[in-house]
>>> print(open('data02.txt').read())   # compact mmCIF, C-alpha atoms (C1' of nucleotides)
# COMPACT_ATOMS: atom_id res chain seq x y z
CA MET A 1 27.88 -12.42 -9.92
CA GLY A 2 27.18 -10.87 -6.51
CA PRO A 3 28.90 -11.66 -3.25
CA SER A 4 28.33 -15.29 -2.31
CA SER A 5 27.23 -14.76 1.29
CA ASP A 6 24.24 -13.17 2.93
CA GLN A 7 26.39 -11.74 5.73
CA SER A 8 27.20 -8.07 5.93
CA PRO A 9 29.86 -7.22 3.37
CA ASP A 10 33.36 -6.25 4.48
CA GLU A 11 34.97 -2.94 3.53
CA ALA A 12 36.29 -4.05 0.17
CA GLN A 13 32.95 -5.53 -0.83
CA MET A 14 31.27 -2.32 0.27
CA ASP A 15 33.60 -0.28 -1.95
CA ASP A 16 32.80 -2.54 -4.90
CA LEU A 17 29.11 -2.19 -4.17
CA HIS A 18 29.28 1.60 -4.07
CA ALA A 19 31.22 1.64 -7.33
CA ALA A 20 28.64 -0.60 -9.00
CA VAL A 21 25.78 1.49 -7.69
CA GLY A 22 27.51 4.68 -8.78
CA ARG A 23 27.83 3.33 -12.31
CA ARG A 24 24.17 2.41 -12.41
CA LEU A 25 23.07 5.84 -11.24
CA GLU A 26 25.39 7.55 -13.68
CA ARG A 27 23.89 5.53 -16.50
CA HIS A 28 20.53 7.06 -15.57
CA ASP A 29 21.95 10.60 -15.14
CA HIS A 30 21.54 10.55 -11.43
CA ARG A 31 24.03 11.52 -8.73
CA TYR A 32 25.23 9.23 -6.01
CA THR A 33 24.64 11.56 -3.09
CA ARG A 34 25.20 11.08 0.59
CA GLY A 35 21.61 10.16 1.35
CA ARG A 36 21.61 7.51 -1.37
CA ARG A 37 24.94 6.15 -0.21
CA HIS A 38 23.54 5.84 3.25
CA LEU A 39 20.49 3.91 2.07
CA VAL A 40 22.59 1.50 0.03
CA GLU A 41 25.03 1.01 2.88
CA THR A 42 22.25 0.25 5.34
CA LEU A 43 20.59 -2.23 2.99
CA ALA A 44 23.93 -3.93 2.41
CA ARG A 45 24.63 -4.17 6.13
CA VAL A 46 21.28 -5.58 7.24
CA ALA A 47 21.37 -8.10 4.37
CA ARG A 48 17.64 -8.79 4.48
CA PRO A 49 14.55 -6.96 3.28
CA VAL A 50 13.63 -4.07 5.58
CA THR A 51 10.98 -1.37 5.84
CA LEU A 52 11.57 2.34 5.89
CA PRO A 53 11.13 2.59 9.67
CA GLN A 54 13.68 -0.19 10.05
CA ILE A 55 16.11 1.70 7.84
CA ALA A 56 15.46 4.85 9.86
CA ALA A 57 16.45 2.98 13.02
CA HIS A 58 19.96 2.79 11.56
CA ALA A 59 20.23 6.53 11.00
CA ASP A 60 20.26 9.55 13.27
CA GLU A 61 18.06 11.48 10.90
CA LEU A 62 16.28 10.24 7.84
CA PRO A 63 13.92 12.73 6.21
CA GLN A 64 10.97 10.66 5.15
CA SER A 65 10.20 12.30 1.86
CA SER A 66 13.82 12.19 0.70
CA ALA A 67 14.16 8.60 1.79
CA TYR A 68 11.11 7.45 -0.13
CA ARG A 69 12.12 9.50 -3.15
CA ASN A 70 15.61 8.03 -3.13
CA LEU A 71 14.33 4.51 -2.70
CA GLU A 72 12.20 5.11 -5.76
CA VAL A 73 15.14 6.42 -7.76
CA LEU A 74 17.32 3.51 -6.68
CA GLU A 75 14.57 1.12 -7.65
CA ARG A 76 14.21 2.65 -11.10
CA CYS A 77 17.97 2.36 -11.58
CA GLY A 78 17.90 -1.31 -10.67
CA VAL A 79 19.84 -0.87 -7.45
CA ILE A 80 17.15 -1.98 -5.06
CA THR A 81 13.94 -4.00 -5.16
CA ARG A 82 10.68 -3.10 -3.50
CA ILE A 83 8.74 -6.00 -1.99
CA ALA A 84 5.10 -5.22 -1.29
CA GLY A 85 3.59 -7.79 1.01
CA THR A 86 0.75 -7.96 3.46
CA ALA A 87 2.72 -5.97 6.02
CA ASP A 88 1.92 -2.31 6.55
CA HIS A 89 5.19 -1.11 5.08
CA ALA A 90 6.89 -2.19 1.89
CA HIS A 91 10.24 -3.94 2.25
CA PHE A 92 13.38 -2.95 0.35
CA GLU A 93 16.56 -4.86 -0.46
CA LEU A 94 19.50 -4.66 -2.84
CA ALA A 95 18.53 -5.79 -6.33
CA GLU A 96 19.58 -9.11 -7.78
CA PRO A 97 22.44 -8.16 -10.05
CA LEU A 98 24.11 -6.77 -6.92
CA VAL A 99 23.39 -9.80 -4.73
CA ASP A 100 22.84 -13.48 -5.50
CA HIS A 101 19.50 -14.73 -6.74
CA HIS A 102 17.45 -15.78 -3.75
CA HIS A 103 13.96 -16.06 -2.34
CA HIS A 104 12.18 -15.22 0.89
CA LEU A 105 10.72 -16.70 4.01
CA VAL A 106 7.69 -14.56 4.79
CA CYS A 107 6.49 -14.63 8.39
CA LEU A 108 2.72 -14.41 8.69
CA GLY A 109 3.10 -13.42 12.32
CA CYS A 110 5.39 -10.41 12.35
CA GLY A 111 5.59 -9.71 8.62
CA SER A 112 9.37 -9.99 8.57
CA LEU A 113 11.26 -11.36 5.57
CA GLU A 114 14.38 -13.48 5.48
CA ASP A 115 16.49 -14.66 2.54
CA VAL A 116 16.83 -18.25 1.36
CA HIS A 117 18.96 -19.65 -1.42
CA LEU A 118 17.73 -22.65 -3.37
CA ASP A 119 19.48 -25.28 -5.44
CA GLN A 120 20.48 -23.96 -8.86
CA GLU A 121 19.26 -27.03 -10.69
CA LEU A 122 15.82 -26.58 -9.22
CA GLU A 123 15.85 -22.91 -10.18
CA LYS A 124 16.60 -23.87 -13.75
CA MET A 125 13.74 -26.34 -13.86
CA VAL A 126 11.37 -23.80 -12.42
CA ASP A 127 12.45 -21.22 -14.96
CA ALA A 128 12.04 -23.67 -17.82
CA GLU A 129 8.57 -24.66 -16.71
CA LEU A 130 7.56 -21.05 -16.16
CA ALA A 131 8.92 -20.00 -19.55
CA GLN A 132 6.74 -22.63 -21.18
CA ALA A 133 3.65 -21.56 -19.26
CA ALA A 134 4.37 -17.92 -20.10
CA ALA A 135 4.72 -18.65 -23.79
CA SER A 136 1.33 -20.31 -23.98
CA ALA A 137 -0.21 -17.32 -22.20
CA ARG A 138 1.58 -14.86 -24.53
CA PHE A 139 3.34 -13.41 -21.54
CA THR A 140 6.87 -11.94 -21.66
CA PRO A 141 8.63 -12.88 -18.43
CA THR A 142 11.34 -10.86 -16.70
CA HIS A 143 11.90 -12.78 -13.48
CA HIS A 144 10.24 -15.09 -11.00
CA SER A 145 9.66 -14.86 -7.27
CA LEU A 146 9.26 -17.84 -5.00
CA ASP A 147 8.32 -17.24 -1.39
CA LEU A 148 7.70 -19.57 1.48
CA HIS A 149 5.02 -18.31 3.85
CA GLY A 150 4.77 -19.47 7.45
CA TYR A 151 5.94 -18.54 10.91
CA CYS A 152 9.42 -17.57 11.94
CA HIS A 153 11.04 -18.91 15.08
CA ASP A 154 9.80 -15.96 17.14
CA CYS A 155 6.20 -16.30 15.95
CA GLU A 156 5.28 -19.93 16.56
CA PRO A 157 1.91 -20.61 14.91
CA GLN A 158 -1.08 -19.70 17.05
CA ALA A 159 -2.88 -22.79 18.29
CA MET B 1 -9.86 -31.31 -4.63
CA GLY B 2 -11.23 -28.23 -6.39
CA PRO B 3 -12.69 -27.99 -9.86
CA SER B 4 -10.07 -28.88 -12.44
CA SER B 5 -10.54 -25.93 -14.78
CA ASP B 6 -9.93 -22.22 -14.50
CA GLN B 7 -13.04 -21.42 -16.51
CA SER B 8 -16.13 -20.00 -14.88
CA PRO B 9 -17.94 -22.76 -13.05
CA ASP B 10 -21.31 -24.03 -14.30
CA GLU B 11 -24.42 -23.97 -12.15
CA ALA B 12 -23.78 -27.29 -10.42
CA GLN B 13 -20.22 -26.33 -9.57
CA MET B 14 -21.45 -23.01 -8.25
CA ASP B 15 -23.92 -24.77 -5.97
CA ASP B 16 -21.15 -26.99 -4.64
CA LEU B 17 -18.99 -23.95 -4.10
CA HIS B 18 -21.67 -22.13 -2.15
CA ALA B 19 -22.26 -25.20 -0.02
CA ALA B 20 -18.56 -25.51 0.74
CA VAL B 21 -18.27 -21.82 1.56
CA GLY B 22 -21.37 -21.99 3.73
CA ARG B 23 -19.84 -24.83 5.72
CA ARG B 24 -16.65 -22.89 6.25
CA LEU B 25 -18.46 -19.80 7.46
CA GLU B 26 -20.65 -21.86 9.74
CA ARG B 27 -17.57 -23.42 11.28
CA HIS B 28 -16.49 -19.90 12.24
CA ASP B 29 -19.96 -18.85 13.45
CA HIS B 30 -20.52 -16.54 10.57
CA ARG B 31 -23.54 -16.24 8.31
CA TYR B 32 -23.46 -16.68 4.57
CA THR B 33 -25.33 -13.53 3.68
CA ARG B 34 -26.32 -12.12 0.33
CA GLY B 35 -23.37 -9.73 0.13
CA ARG B 36 -20.92 -12.54 0.86
CA ARG B 37 -22.62 -14.81 -1.65
CA HIS B 38 -22.27 -12.12 -4.23
CA LEU B 39 -18.56 -11.68 -3.57
CA VAL B 40 -17.91 -15.41 -3.79
CA GLU B 41 -19.97 -15.71 -6.93
CA THR B 42 -18.11 -12.87 -8.61
CA LEU B 43 -14.72 -14.30 -7.69
CA ALA B 44 -15.77 -17.71 -8.99
CA ARG B 45 -16.99 -16.24 -12.27
CA VAL B 46 -13.98 -14.08 -13.08
CA ALA B 47 -11.67 -16.98 -12.18
CA ARG B 48 -8.63 -14.77 -11.71
CA PRO B 49 -7.41 -12.44 -8.97
CA VAL B 50 -9.27 -9.13 -9.00
CA THR B 51 -9.29 -5.87 -7.07
CA LEU B 52 -12.22 -4.40 -5.22
CA PRO B 53 -12.99 -1.89 -7.98
CA GLN B 54 -13.00 -4.77 -10.46
CA ILE B 55 -15.43 -6.67 -8.27
CA ALA B 56 -17.55 -3.55 -8.01
CA ALA B 57 -17.75 -3.39 -11.79
CA HIS B 58 -19.72 -6.66 -11.63
CA ALA B 59 -22.27 -5.26 -9.19
CA ASP B 60 -24.83 -2.50 -9.40
CA GLU B 61 -24.03 -1.36 -5.91
CA LEU B 62 -21.23 -2.50 -3.68
CA PRO B 63 -20.85 -0.61 -0.41
CA GLN B 64 -17.13 -0.24 0.11
CA SER B 65 -16.99 -0.76 3.83
CA SER B 66 -19.15 -3.86 3.74
CA ALA B 67 -17.21 -5.27 0.82
CA TYR B 68 -13.86 -4.87 2.53
CA ARG B 69 -15.23 -6.20 5.78
CA ASN B 70 -16.67 -9.25 4.08
CA LEU B 71 -13.51 -9.90 2.14
CA GLU B 72 -11.68 -9.86 5.45
CA VAL B 73 -14.16 -12.29 7.02
CA LEU B 74 -13.97 -14.61 4.02
CA GLU B 75 -10.20 -14.47 4.18
CA ARG B 76 -10.16 -15.38 7.87
CA CYS B 77 -12.47 -18.31 7.14
CA GLY B 78 -10.16 -19.58 4.41
CA VAL B 79 -12.59 -18.88 1.59
CA ILE B 80 -10.54 -16.30 -0.26
CA THR B 81 -6.93 -15.21 -0.48
CA ARG B 82 -5.67 -11.67 -0.48
CA ILE B 83 -2.73 -10.97 -2.80
CA ALA B 84 -0.85 -7.77 -2.05
CA GLY B 85 1.33 -6.76 -4.94
CA THR B 86 2.83 -3.58 -6.29
CA ALA B 87 -0.50 -2.52 -7.73
CA ASP B 88 -2.53 0.12 -5.92
CA HIS B 89 -5.25 -2.29 -4.86
CA ALA B 90 -4.92 -5.72 -3.32
CA HIS B 91 -6.19 -8.62 -5.42
CA PHE B 92 -8.58 -11.28 -4.15
CA GLU B 93 -9.32 -14.81 -5.36
CA LEU B 94 -10.91 -18.00 -4.09
CA ALA B 95 -8.64 -19.82 -1.67
CA GLU B 96 -6.78 -22.99 -2.59
CA PRO B 97 -8.86 -25.66 -0.96
CA LEU B 98 -11.72 -24.37 -3.12
CA VAL B 99 -9.71 -24.19 -6.34
CA ASP B 100 -6.65 -26.07 -7.58
CA HIS B 101 -3.18 -25.12 -6.46
CA HIS B 102 -1.79 -22.63 -8.93
CA HIS B 103 0.48 -19.62 -9.35
CA HIS B 104 0.35 -16.23 -11.03
CA LEU B 105 1.59 -14.27 -13.98
CA VAL B 106 2.07 -10.74 -12.68
CA CYS B 107 2.04 -7.99 -15.29
CA LEU B 108 4.45 -5.17 -14.48
CA GLY B 109 2.61 -2.95 -16.94
CA CYS B 110 -1.00 -2.99 -15.88
CA GLY B 111 -0.67 -4.83 -12.57
CA SER B 112 -3.10 -7.55 -13.59
CA LEU B 113 -2.75 -11.14 -12.43
CA GLU B 114 -3.48 -14.35 -14.27
CA ASP B 115 -3.42 -17.95 -13.10
CA VAL B 116 -0.95 -20.61 -14.21
CA HIS B 117 -0.81 -24.26 -13.29
CA LEU B 118 2.56 -25.99 -13.06
CA ASP B 119 3.62 -29.59 -13.28
CA GLN B 120 2.87 -31.49 -10.08
CA GLU B 121 6.25 -33.20 -10.01
CA LEU B 122 7.97 -29.84 -10.07
CA GLU B 123 5.71 -28.57 -7.30
CA LYS B 124 6.73 -31.52 -5.16
CA MET B 125 10.41 -30.86 -5.72
CA VAL B 126 9.97 -27.20 -4.88
CA ASP B 127 8.12 -28.05 -1.71
CA ALA B 128 10.76 -30.54 -0.66
CA GLU B 129 13.55 -28.08 -1.22
CA LEU B 130 11.68 -25.30 0.56
CA ALA B 131 10.87 -27.57 3.50
CA GLN B 132 14.56 -28.28 3.90
CA ALA B 133 15.51 -24.60 3.72
CA ALA B 134 12.75 -23.75 6.20
CA ALA B 135 13.92 -26.38 8.66
CA SER B 136 17.45 -25.01 8.75
CA ALA B 137 16.06 -21.51 9.35
CA ARG B 138 13.75 -22.78 12.11
CA PHE B 139 10.79 -21.61 10.08
CA THR B 140 7.38 -23.32 10.12
CA PRO B 141 5.99 -23.21 6.58
CA THR B 142 2.32 -23.10 5.64
CA HIS B 143 2.44 -22.68 1.87
CA HIS B 144 4.53 -21.34 -0.97
CA SER B 145 3.86 -18.81 -3.68
CA LEU B 146 5.58 -18.77 -7.03
CA ASP B 147 4.94 -15.87 -9.36
CA LEU B 148 6.24 -15.03 -12.78
CA HIS B 149 6.67 -11.30 -13.31
CA GLY B 150 6.75 -9.74 -16.75
CA TYR B 151 4.45 -8.17 -19.31
CA CYS B 152 1.11 -9.48 -20.46
CA HIS B 153 0.12 -9.51 -24.11
CA ASP B 154 -1.52 -6.09 -23.82
CA CYS B 155 1.51 -4.46 -22.16
CA GLU B 156 4.45 -5.30 -24.43
CA PRO B 157 7.67 -4.30 -22.65
CA GLN B 158 8.66 -0.67 -23.12
CA ALA B 159 11.67 -0.38 -25.46
C1' DC C 1 36.45 31.73 -10.53
C1' DA C 2 31.61 33.26 -11.54
C1' DC C 3 27.53 31.67 -13.89
C1' DG C 4 23.91 28.97 -15.49
C1' DT C 5 21.66 24.74 -15.38
C1' DT C 6 19.95 20.73 -13.52
C1' DA C 7 19.40 17.41 -9.84
C1' DG C 8 18.67 16.78 -4.96
C1' DT C 9 16.75 18.11 -0.43
C1' DG C 10 13.30 18.31 3.23
C1' DA C 11 9.19 20.17 5.54
C1' DG C 12 4.66 19.99 5.16
C1' DA C 13 0.44 19.24 2.47
C1' DA C 14 -2.08 16.01 -0.15
C1' DT C 15 -3.59 11.42 -1.67
C1' DG C 16 -6.09 7.34 -1.30
C1' DA C 17 -6.58 2.33 -0.09
C1' DG C 18 -8.28 0.30 3.57
C1' DT C 19 -10.34 0.35 8.42
C1' DC C 20 -13.29 1.87 12.06
C1' DT C 21 -17.68 3.71 14.26
C1' DC C 22 -22.25 3.49 15.13
C1' DA C 23 -27.03 3.57 14.44
C1' DT C 24 -30.00 0.59 11.84
C1' DT C 25 -31.41 -3.85 9.84
C1' DC C 26 -31.27 -8.73 9.16
C1' DA C 27 -31.11 -13.89 10.24
C1' DC C 28 -31.74 -17.43 12.84
C1' DA C 29 -33.36 -19.95 17.34
C1' DC C 30 -37.02 -20.64 20.25
C1' DG D 1 -43.78 -13.55 16.36
C1' DT D 2 -39.80 -12.06 19.33
C1' DG D 3 -35.30 -11.60 21.11
C1' DT D 4 -30.32 -11.68 20.40
C1' DG D 5 -26.28 -11.17 18.28
C1' DA D 6 -24.32 -10.70 13.65
C1' DA D 7 -24.36 -7.84 9.43
C1' DT D 8 -24.93 -3.61 7.01
C1' DG D 9 -23.61 0.90 5.08
C1' DA D 10 -22.59 5.84 5.27
C1' DG D 11 -19.17 8.54 6.58
C1' DA D 12 -15.25 9.68 9.48
C1' DC D 13 -10.69 8.33 10.06
C1' DT D 14 -5.79 6.31 9.67
C1' DC D 15 -1.49 6.24 7.99
C1' DA D 16 1.97 4.69 4.37
C1' DT D 17 3.38 6.86 0.54
C1' DT D 18 3.60 10.60 -2.81
C1' DC D 19 3.51 15.34 -4.19
C1' DT D 20 4.69 20.40 -3.92
C1' DC D 21 7.73 23.93 -3.64
C1' DA D 22 11.19 26.92 -2.10
C1' DC D 23 15.90 26.24 -1.33
C1' DT D 24 20.59 24.15 -1.84
C1' DA D 25 24.30 21.35 -3.86
C1' DA D 26 26.82 19.62 -7.83
C1' DC D 27 28.64 19.91 -12.21
C1' DG D 28 30.05 21.87 -16.76
C1' DT D 29 31.46 25.96 -19.38
C1' DG D 30 33.67 30.20 -20.62
>>> encode(input="data02.txt", output="C-alpha cells")
Amino acid sequence: MGPSSDQSPDEAQMDDLHAAVGRRLERHDHRYTRGRRHLVETLARVARPVTLPQIAAHADELPQSSAYRNLEVLERCGVITRIAGTADHAHFELAEPLVDHHHHLVCLGCGSLEDVHLDQELEKMVDAELAQAAASARFTPTHHSLDLHGYCHDCEPQA
Amino acid sequence: MGPSSDQSPDEAQMDDLHAAVGRRLERHDHRYTRGRRHLVETLARVARPVTLPQIAAHADELPQSSAYRNLEVLERCGVITRIAGTADHAHFELAEPLVDHHHHLVCLGCGSLEDVHLDQELEKMVDAELAQAAASARFTPTHHSLDLHGYCHDCEPQA
DNA sequence: CACGTTAGTGAGAATGAGTCTCATTCACAC
DNA sequence: GTGTGAATGAGACTCATTCTCACTAACGTG
C-alpha cells in the first residue's frame, strides 16, 4: 500500500504523500499548513524514527510548541506514529498506512531506531497467534509491534 | 527457567526468588535491603507490569526517591525490567531470567499492561528471522519485544 | 470585497515524571 | 563493638512535553 522502499521518496512520491496526508487532515477538519507540511516532508526524507531535536536539525526555525502540537495533531489523524522508548525524547515516524508495515532495531547504546522489514508469512503467523491470545484475554487488538533490542554498529556492546 | 505460571508465587517460590535476587545483587556488590525486598515482593505478587504509583498502593509508605533509585539498581542488576510506553509512568516487572519469556497486551485506553505467553515454535522462528535481519544491518541483538496494542476488556474501543 | 468564524501560531509559563544532593542511618566485616 | 562504605529519604532540581493566550491566517458567506 505504501512505497516499497525505505529510501527517501522522490518528488512524485512526495506529492502523493502530501495528497494523502492532506486528505487525512481534511477528514478531521484540520488544515494542511506549512509547518505540518514541513514536518511530514522531513519525516519522509529521513525515513526512520526521529526525535524532535533531530527534526529541528533539518529546519532553520522550528518553534517547539507548534512542532509538538502539530505532531500531536498528525498523530491523531493517523499520519504519524509516536514511539516512546527508553530514550529521553519520543521518536516520530510516518504512520503505517502511509509506509509499509515494518518493525524496529532499537539501540540500547545511543537510543536510535532503525526500520526492519520481516517476512510476510511470519507476520501472518504472529498475528494469528496474537489474535488467539487476545481473544482468550478478552482484548481487542489494533496492531502489534515487534522490536529487536541490541547495539547498533556504532555502539558495540560494552565489555 | 522461571516459575511456569503468571499467578502470584507461593511462599516457597518467593523464597527461591529472593535467593536468586540476592545472588544477583551480591554479584554487583549491592545489598538486598528491606526496601529492595519489598519492591521485588510486590512485583512478584502483582505478576504484571506496574507503575511506581501502583507499587506505592501496595505499601504504607514508599519514599519516591528511594523507590526510583532501587528500581534503577535492580534494573542494572538484571532483576527487573523497565517498560517505557505511551503511559505517563514507566512500568516495571521482574526480568526474564526470573520469570518465563513472555510479551504484553498494551491497552491504548488505560495504558495498562498484561502478560501473554506465545508458542515456543513461533518464538524461535521470530528470533531466527530477526537474527538474520540484524546481521544484515550490522546490529548486535540482545532480545526482542513483541507487544499487542489494543483495548482491554474495561476499555472497549471508542466508537 | 468585507466580515465573521474557526483553526493555527509561537513565546513563555506551567506541569510532572524522574533524578540528584546531602546529611543521616544501616549492614556487614573484622 | 567499631569502622567503612552503601543505602536512605526529604526536598531541590531537570527537562521533555503540554498548556495558555494574544495574535494571525485561512476559509466560507453575503
>>> residues_around(input="data02.txt", residues="His58 in chain B", least_positions_apart="3", cutoff="8 Å", atoms="all atoms listed in the file", output="PyMOL selection string")
chain B and resi 42+54-55
>>> interface_residues(input="data02.txt", of="chain D", to="chain B", cutoff="10 Å", atoms="all atoms listed in the file", output="MDAnalysis selection string")
chainID D and resid 6:11
>>> closest_atom_pairs(input="data02.txt", of="chain B", to="chain C", cutoff="8 Å", atoms="all atoms listed in the file", output="tab-separated table")
residue	atom	partner	partner_atom	distance
B:Tyr68	CA	C:DG18	C1'	7.7
B:Asp88	CA	C:DA17	C1'	7.4
B:His89	CA	C:DA17	C1'	6.8
>>> interface_residues(input="data02.txt", of="chain B", to="chain A", cutoff="7 Å", atoms="only C-alpha atoms", output="count of residues only")
21
>>> atom_distance(input="data02.txt", atom1="CA of Asp60 in chain B", atom2="CA of His18 in chain B")
21.2 Å
>>> atom_distance(input="data02.txt", atom1="CA of Leu94 in chain A", atom2="CA of Ala44 in chain A")
6.9 Å
>>> atom_distance(input="data02.txt", atom1="CA of Arg36 in chain B", atom2="CA of Leu98 in chain B")
15.5 Å
>>> residues_around(input="data02.txt", residues="Pro49 in chain A", least_positions_apart="2", cutoff="6 Å", atoms="only C-alpha atoms (C1' of nucleotides)", output="JSON, numbers by chain")
{"A": [91, 92, 93, 113]}
>>> write_last_selection(input="data02.txt", atoms="C-alpha atoms", output="PDB file, in the coordinates of the input")
ATOM      1  CA  HIS A  91      10.240  -3.940   2.250  1.00  0.00           C
ATOM      2  CA  PHE A  92      13.380  -2.950   0.350  1.00  0.00           C
ATOM      3  CA  GLU A  93      16.560  -4.860  -0.460  1.00  0.00           C
ATOM      4  CA  LEU A 113      11.260 -11.360   5.570  1.00  0.00           C
TER       5      LEU A 113
END
>>> residues_near_point(input="data02.txt", point="(19.4, -3.1, -4.9)", cutoff="10 Å", atoms="all atoms listed in the file", output="list in words")
Leu17, Val21, Leu39, Val40, Leu43, Ala44, Leu71, Leu74, Glu75, Arg76, Cys77, Gly78, Val79, Ile80, Thr81, Arg82, Phe92, Glu93, Leu94, Ala95, Glu96, Pro97, Leu98 and Val99 of chain A
